[in-house]
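Peer 1: Structure file protein-v6.pdb, PDB, C-alpha atoms, pLDDT in the B column, is pasted below:
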ATOM      1  CA  MET A   1     104.028 125.539 430.578  1.00 46.00           C
ATOM      2  CA  ASN A   2     104.247 129.254 429.818  1.00 53.00           C
ATOM      3  CA  VAL A   3     103.286 130.255 426.328  1.00 52.00           C
ATOM      4  CA  THR A   4     104.906 133.460 425.138  1.00 68.00           C
ATOM      5  CA  LEU A   5     103.600 134.631 421.800  1.00 79.00           C
ATOM      6  CA  GLU A   6     106.345 135.197 419.247  1.00 80.00           C
ATOM      7  CA  GLU A   7     105.185 138.792 418.696  1.00 80.00           C
ATOM      8  CA  ASP A   8     105.698 139.489 422.433  1.00 84.00           C
ATOM      9  CA  LEU A   9     109.387 138.554 422.355  1.00 92.00           C
ATOM     10  CA  PRO A  10     111.935 141.431 422.501  1.00 91.00           C
ATOM     11  CA  TYR A  11     113.897 139.972 419.561  1.00 94.00           C
ATOM     12  CA  ASP A  12     113.136 138.906 416.013  1.00 93.00           C
ATOM     13  CA  LEU A  13     112.761 135.150 415.478  1.00 93.00           C
ATOM     14  CA  THR A  14     112.911 135.627 411.704  1.00 93.00           C
ATOM     15  CA  LYS A  15     116.549 136.775 411.895  1.00 93.00           C
ATOM     16  CA  ASP A  16     119.552 134.483 411.646  1.00 94.00           C
ATOM     17  CA  PRO A  17     121.246 134.743 414.017  1.00 97.00           C
ATOM     18  CA  ILE A  18     118.763 135.818 416.672  1.00 97.00           C
ATOM     19  CA  VAL A  19     120.590 138.703 418.383  1.00 97.00           C
ATOM     20  CA  LEU A  20     119.901 139.029 422.112  1.00 96.00           C
ATOM     21  CA  ASP A  21     120.436 142.271 423.998  1.00 93.00           C
ATOM     22  CA  ASP A  22     120.433 142.341 427.826  1.00 87.00           C
ATOM     23  CA  THR A  23     116.629 142.201 428.129  1.00 85.00           C
ATOM     24  CA  GLY A  24     116.399 139.710 425.286  1.00 92.00           C
ATOM     25  CA  TYR A  25     118.841 137.316 426.956  1.00 94.00           C
ATOM     26  CA  GLY A  26     116.709 136.989 430.086  1.00 91.00           C
ATOM     27  CA  VAL A  27     113.522 136.470 428.104  1.00 91.00           C
ATOM     28  CA  TRP A  28     115.244 133.961 425.803  1.00 95.00           C
ATOM     29  CA  TYR A  29     116.676 132.020 428.768  1.00 94.00           C
ATOM     30  CA  LEU A  30     113.182 131.497 430.218  1.00 91.00           C
ATOM     31  CA  ASP A  31     111.418 131.007 426.876  1.00 94.00           C
ATOM     32  CA  ALA A  32     113.980 128.434 425.698  1.00 95.00           C
ATOM     33  CA  LEU A  33     113.028 126.206 428.642  1.00 92.00           C
ATOM     34  CA  ASP A  34     109.297 126.486 427.979  1.00 92.00           C
ATOM     35  CA  ASN A  35     109.424 126.457 424.167  1.00 94.00           C
ATOM     36  CA  MET A  36     112.491 124.377 423.259  1.00 95.00           C
ATOM     37  CA  ASP A  37     111.212 123.530 419.761  1.00 94.00           C
ATOM     38  CA  ARG A  38     111.066 127.263 418.939  1.00 95.00           C
ATOM     39  CA  TYR A  39     114.868 127.476 419.222  1.00 97.00           C
ATOM     40  CA  LYS A  40     116.015 123.972 418.224  1.00 97.00           C
ATOM     41  CA  GLY A  41     118.631 124.292 415.466  1.00 97.00           C
ATOM     42  CA  ARG A  42     118.555 128.108 415.576  1.00 98.00           C
ATOM     43  CA  THR A  43     121.619 130.337 415.958  1.00 98.00           C
ATOM     44  CA  ILE A  44     121.763 132.945 418.717  1.00 98.00           C
ATOM     45  CA  GLU A  45     124.276 135.693 419.450  1.00 98.00           C
ATOM     46  CA  TYR A  46     124.803 137.552 422.725  1.00 97.00           C
ATOM     47  CA  THR A  47     127.299 138.940 425.232  1.00 97.00           C
ATOM     48  CA  ALA A  48     128.078 136.398 427.944  1.00 98.00           C
ATOM     49  CA  MET A  49     130.177 135.832 431.030  1.00 98.00           C
ATOM     50  CA  VAL A  50     132.126 132.555 431.237  1.00 98.00           C
ATOM     51  CA  LEU A  51     131.451 130.077 434.043  1.00 97.00           C
ATOM     52  CA  HIS A  52     133.307 126.759 434.402  1.00 96.00           C
ATOM     53  CA  PRO A  53     131.222 124.568 436.742  1.00 95.00           C
ATOM     54  CA  PRO A  54     133.676 122.114 438.340  1.00 93.00           C
ATOM     55  CA  GLN A  55     131.397 119.112 437.690  1.00 92.00           C
ATOM     56  CA  PHE A  56     131.037 119.794 433.949  1.00 94.00           C
ATOM     57  CA  PRO A  57     132.689 117.415 431.482  1.00 93.00           C
ATOM     58  CA  LYS A  58     135.718 118.606 429.513  1.00 95.00           C
ATOM     59  CA  GLY A  59     134.718 120.577 426.433  1.00 97.00           C
ATOM     60  CA  TYR A  60     131.754 122.324 428.095  1.00 97.00           C
ATOM     61  CA  PHE A  61     131.264 125.654 429.868  1.00 98.00           C
ATOM     62  CA  VAL A  62     128.362 128.017 430.565  1.00 98.00           C
ATOM     63  CA  PRO A  63     128.144 131.340 428.687  1.00 98.00           C
ATOM     64  CA  GLY A  64     125.538 133.202 430.736  1.00 97.00           C
ATOM     65  CA  ARG A  65     124.665 136.371 432.592  1.00 96.00           C
ATOM     66  CA  MET A  66     124.027 137.465 436.135  1.00 95.00           C
ATOM     67  CA  ALA A  67     120.332 138.271 436.467  1.00 92.00           C
ATOM     68  CA  MET A  68     118.099 139.903 439.054  1.00 87.00           C
ATOM     69  CA  THR A  69     114.530 138.633 439.003  1.00 76.00           C
ATOM     70  CA  CYS A  70     113.149 140.807 441.805  1.00 78.00           C
ATOM     71  CA  CYS A  71     115.716 142.222 444.238  1.00 76.00           C
ATOM     72  CA  ALA A  72     119.467 142.395 444.915  1.00 73.00           C
ATOM     73  CA  GLU A  73     119.317 139.300 447.165  1.00 79.00           C
ATOM     74  CA  ASP A  74     117.850 137.392 444.233  1.00 83.00           C
ATOM     75  CA  ILE A  75     120.784 137.691 441.798  1.00 89.00           C
ATOM     76  CA  ALA A  76     121.675 134.408 440.079  1.00 91.00           C
ATOM     77  CA  PHE A  77     123.799 133.264 437.155  1.00 94.00           C
ATOM     78  CA  LEU A  78     121.621 132.108 434.237  1.00 94.00           C
ATOM     79  CA  GLY A  79     123.037 130.083 431.396  1.00 97.00           C
ATOM     80  CA  TYR A  80     122.963 126.813 429.506  1.00 97.00           C
ATOM     81  CA  ALA A  81     125.736 124.305 428.921  1.00 98.00           C
ATOM     82  CA  CYS A  82     127.790 124.992 425.802  1.00 98.00           C
ATOM     83  CA  LYS A  83     130.070 122.662 423.824  1.00 98.00           C
ATOM     84  CA  TYR A  84     133.338 124.322 422.872  1.00 98.00           C
ATOM     85  CA  ASP A  85     136.535 122.446 422.062  1.00 96.00           C
ATOM     86  CA  LYS A  86     138.721 125.283 423.412  1.00 96.00           C
ATOM     87  CA  GLU A  87     136.768 125.876 426.638  1.00 95.00           C
ATOM     88  CA  ASP A  88     139.949 125.374 428.665  1.00 93.00           C
ATOM     89  CA  GLU A  89     141.326 128.596 427.083  1.00 96.00           C
ATOM     90  CA  LEU A  90     138.465 130.646 428.564  1.00 97.00           C
ATOM     91  CA  LYS A  91     138.799 132.235 431.997  1.00 97.00           C
ATOM     92  CA  ASN A  92     136.021 132.295 434.592  1.00 97.00           C
ATOM     93  CA  LYS A  93     134.148 135.632 434.596  1.00 96.00           C
ATOM     94  CA  GLN A  94     135.669 136.626 431.236  1.00 97.00           C
ATOM     95  CA  TYR A  95     133.199 138.368 428.904  1.00 98.00           C
ATOM     96  CA  LEU A  96     132.766 137.303 425.323  1.00 98.00           C
ATOM     97  CA  LYS A  97     130.540 137.642 422.291  1.00 98.00           C
ATOM     98  CA  ILE A  98     129.200 134.217 421.460  1.00 98.00           C
ATOM     99  CA  LYS A  99     127.396 132.899 418.442  1.00 98.00           C
ATOM    100  CA  ALA A 100     125.983 129.439 419.108  1.00 98.00           C
ATOM    101  CA  LYS A 101     123.605 126.873 417.707  1.00 98.00           C
ATOM    102  CA  VAL A 102     120.828 125.735 420.066  1.00 98.00           C
ATOM    103  CA  ASN A 103     120.495 121.959 420.349  1.00 98.00           C
ATOM    104  CA  ILE A 104     118.030 120.090 422.527  1.00 97.00           C
ATOM    105  CA  GLU A 105     119.647 117.101 424.159  1.00 96.00           C
ATOM    106  CA  TYR A 106     120.034 115.221 427.417  1.00 95.00           C
ATOM    107  CA  PHE A 107     122.665 116.793 429.661  1.00 94.00           C
ATOM    108  CA  GLU A 108     123.614 115.083 432.903  1.00 91.00           C
ATOM    109  CA  ASP A 109     123.687 118.292 434.955  1.00 91.00           C
ATOM    110  CA  TYR A 110     120.081 119.030 433.886  1.00 93.00           C
ATOM    111  CA  GLY A 111     118.986 115.446 434.561  1.00 92.00           C
ATOM    112  CA  LYS A 112     116.767 115.725 431.481  1.00 94.00           C
ATOM    113  CA  GLU A 113     116.661 117.133 427.962  1.00 95.00           C
ATOM    114  CA  GLY A 114     117.256 120.842 427.647  1.00 96.00           C
ATOM    115  CA  PRO A 115     119.012 123.523 425.613  1.00 97.00           C
ATOM    116  CA  VAL A 116     122.680 122.693 425.021  1.00 98.00           C
ATOM    117  CA  LEU A 117     124.554 125.289 422.995  1.00 98.00           C
ATOM    118  CA  GLU A 118     127.224 124.539 420.423  1.00 98.00           C
ATOM    119  CA  ALA A 119     129.692 127.424 420.072  1.00 98.00           C
ATOM    120  CA  LEU A 120     130.130 128.547 416.468  1.00 98.00           C
ATOM    121  CA  SER A 121     132.275 131.602 417.225  1.00 98.00           C
ATOM    122  CA  ILE A 122     133.643 133.243 420.347  1.00 98.00           C
ATOM    123  CA  GLU A 123     135.389 136.604 420.635  1.00 97.00           C
ATOM    124  CA  PRO A 124     136.582 138.274 423.843  1.00 96.00           C
ATOM    125  CA  CYS A 125     134.781 141.558 424.496  1.00 97.00           C
ATOM    126  CA  ALA A 126     134.534 144.323 427.065  1.00 95.00           C
ATOM    127  CA  LYS A 127     132.398 143.994 430.150  1.00 94.00           C
ATOM    128  CA  PRO A 128     128.859 145.210 429.366  1.00 92.00           C
ATOM    129  CA  LYS A 129     127.698 148.530 430.815  1.00 90.00           C
ATOM    130  CA  GLU A 130     125.100 146.668 432.877  1.00 89.00           C
ATOM    131  CA  GLU A 131     126.630 143.446 434.205  1.00 92.00           C
ATOM    132  CA  VAL A 132     123.391 142.311 435.855  1.00 92.00           C
ATOM    133  CA  ILE A 133     120.366 141.931 433.603  1.00 90.00           C
ATOM    134  CA  SER A 134     116.747 142.177 434.692  1.00 79.00           C
ATOM    135  CA  PHE A 135     113.505 140.916 433.209  1.00 66.00           C
ATOM    136  CA  VAL A 136     111.878 144.323 432.789  1.00 57.00           C
TER
END
Represent the supplied structure as structure tokens.

Peer 2:
Amino acid sequence: MNVTLEEDLPYDLTKDPIVLDDTGYGVWYLDALDNMDRYKGRTIEYTAMVLHPPQFPKGYFVPGRMAMTCCAEDIAFLGYACKYDKEDELKNKQYLKIKAKVNIEYFEDYGKEGPVLEALSIEPCAKPKEEVISFV
């Protein structure tokens, strides 16, 4: 288990919502796995790309980002499942601003408990200047 001190995070945990920039999203994605209780019930806001995994149940999608952890061959899509009753209106690879509540619950695709977002608001937005985030 990695322990990241709250003062080392690139965003302010005292804010509501917690606003994630490109660097913040990558750090949050990793920290939310290791420190789920830190985010349980909290509201986050960030720019995301829509992904509709074919095996996901109706009413769920993944608002995430493409991320490079070390090199161009290592680019992967990082995101958590998100409940949204109008997910079928969202297009794959569409960008949006999302505000969501972080819940910790069992999700079949994870095979265990993990962060499952609950969309509070979604607005289409322009593609970010940097489409691929890094962890620097």

Peer 1: To test your reading of the syntax: which residues would the PyMOL selection byres ((chain A and resi 126) around 8) return for the file shown? Reply as a short mmCIF file (atom, residue, chain, number, x, y, z; two decimals) with C-alpha atoms, in the frame of the given file.

Peer 2:
data_model
loop_
_atom_site.label_atom_id
_atom_site.label_comp_id
_atom_site.auth_asym_id
_atom_site.auth_seq_id
_atom_site.Cartn_x
_atom_site.Cartn_y
_atom_site.Cartn_z
CA TYR A 95 133.20 138.37 428.90
CA LEU A 96 132.77 137.30 425.32
CA PRO A 124 136.58 138.27 423.84
CA CYS A 125 134.78 141.56 424.50
CA LYS A 127 132.40 143.99 430.15
CA PRO A 128 128.86 145.21 429.37
#

Peer 1: Starting from the displayed file, determine the output of the PyMOL selection byres ((chain A and resi 10-26) around 6) and express the residue list as a PyMOL selection string.

Peer 2: chain A and resi 9+27-29+43-46+133+135

Peer 1: Can those selected residues be exported to a file as a tab-separated table (two decimals), in the frame of the given file so that it contains C-alpha atoms?

Peer 2:
chain	number	residue	atom	x	y	z
A	9	LEU	CA	109.39	138.55	422.36
A	27	VAL	CA	113.52	136.47	428.10
A	28	TRP	CA	115.24	133.96	425.80
A	29	TYR	CA	116.68	132.02	428.77
A	43	THR	CA	121.62	130.34	415.96
A	44	ILE	CA	121.76	132.94	418.72
A	45	GLU	CA	124.28	135.69	419.45
A	46	TYR	CA	124.80	137.55	422.72
A	133	ILE	CA	120.37	141.93	433.60
A	135	PHE	CA	113.50	140.92	433.21

Peer 1: I need the residue set behind the PyMOL selection byres ((chain A and resi 64-79) around 7) for this file; please write it as a ChimeraX atom specification.

Peer 2: /A:48-50,62-63,80-81,131-135

Peer 1: Given all atoms listed in the file as the basis, pick out the residue of A:Ala119, A:Glu130, A:Lys86, A:Ile104 nearest to A:Leu33.

Peer 2: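 Answer, going by the shortest atom-to-atom distance: A:Ile104.
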
Peer 1: Using all atoms listed in the file, can you tell me which of A:Lys91, A:Asp37, A:Glu6, A:Gly59 comes closest to A:Asn103?

Peer 2: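 Of all the options, A:Asp37 lies closest to A:Asn103.
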
Peer 1: Taking all atoms of stretch 74-92 of chain A that the file lists and extending 5 Å past them on each side, where is the centre of the axis-aligned box and how long are its edges? Answer in Å to one decimal, as JSON.

Peer 2:
{"center_x": 129.6, "center_y": 130.1, "center_z": 433.1, "size_x": 33.5, "size_y": 25.2, "size_z": 32.2}

Peer 1: Grab the atom CA of A:Leu120 to atom CA of A:Ile98 distance for me, in Å with one decimal place.

Peer 2: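 Computing it gives 7.6 Å between the two atoms.
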
Peer 1: Of the candidates A:Tyr110, A:Lys58, A:Pro115, A:Cys82, which shows the shortest atom-to-atom distance to A:Lys40, using all atoms listed in the file?

Peer 2: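 Selected residue with least distance to A:Lys40: A:Pro115.
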
Peer 1: Find the distance between atom CA of A:Asn92 and atom CA of A:Lys129 and write it in Å to one decimal.

Peer 2: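 Atom-to-atom, atom CA of A:Asn92 to atom CA of A:Lys129, that is 18.6 Å.
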
Peer 1: How many Å lie between atom CA of A:Glu113 and atom CA of A:Pro54, rounded to one decimal?

Peer 2: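 According to the coordinates, atom CA of A:Glu113 and atom CA of A:Pro54 are separated by 20.5 Å.
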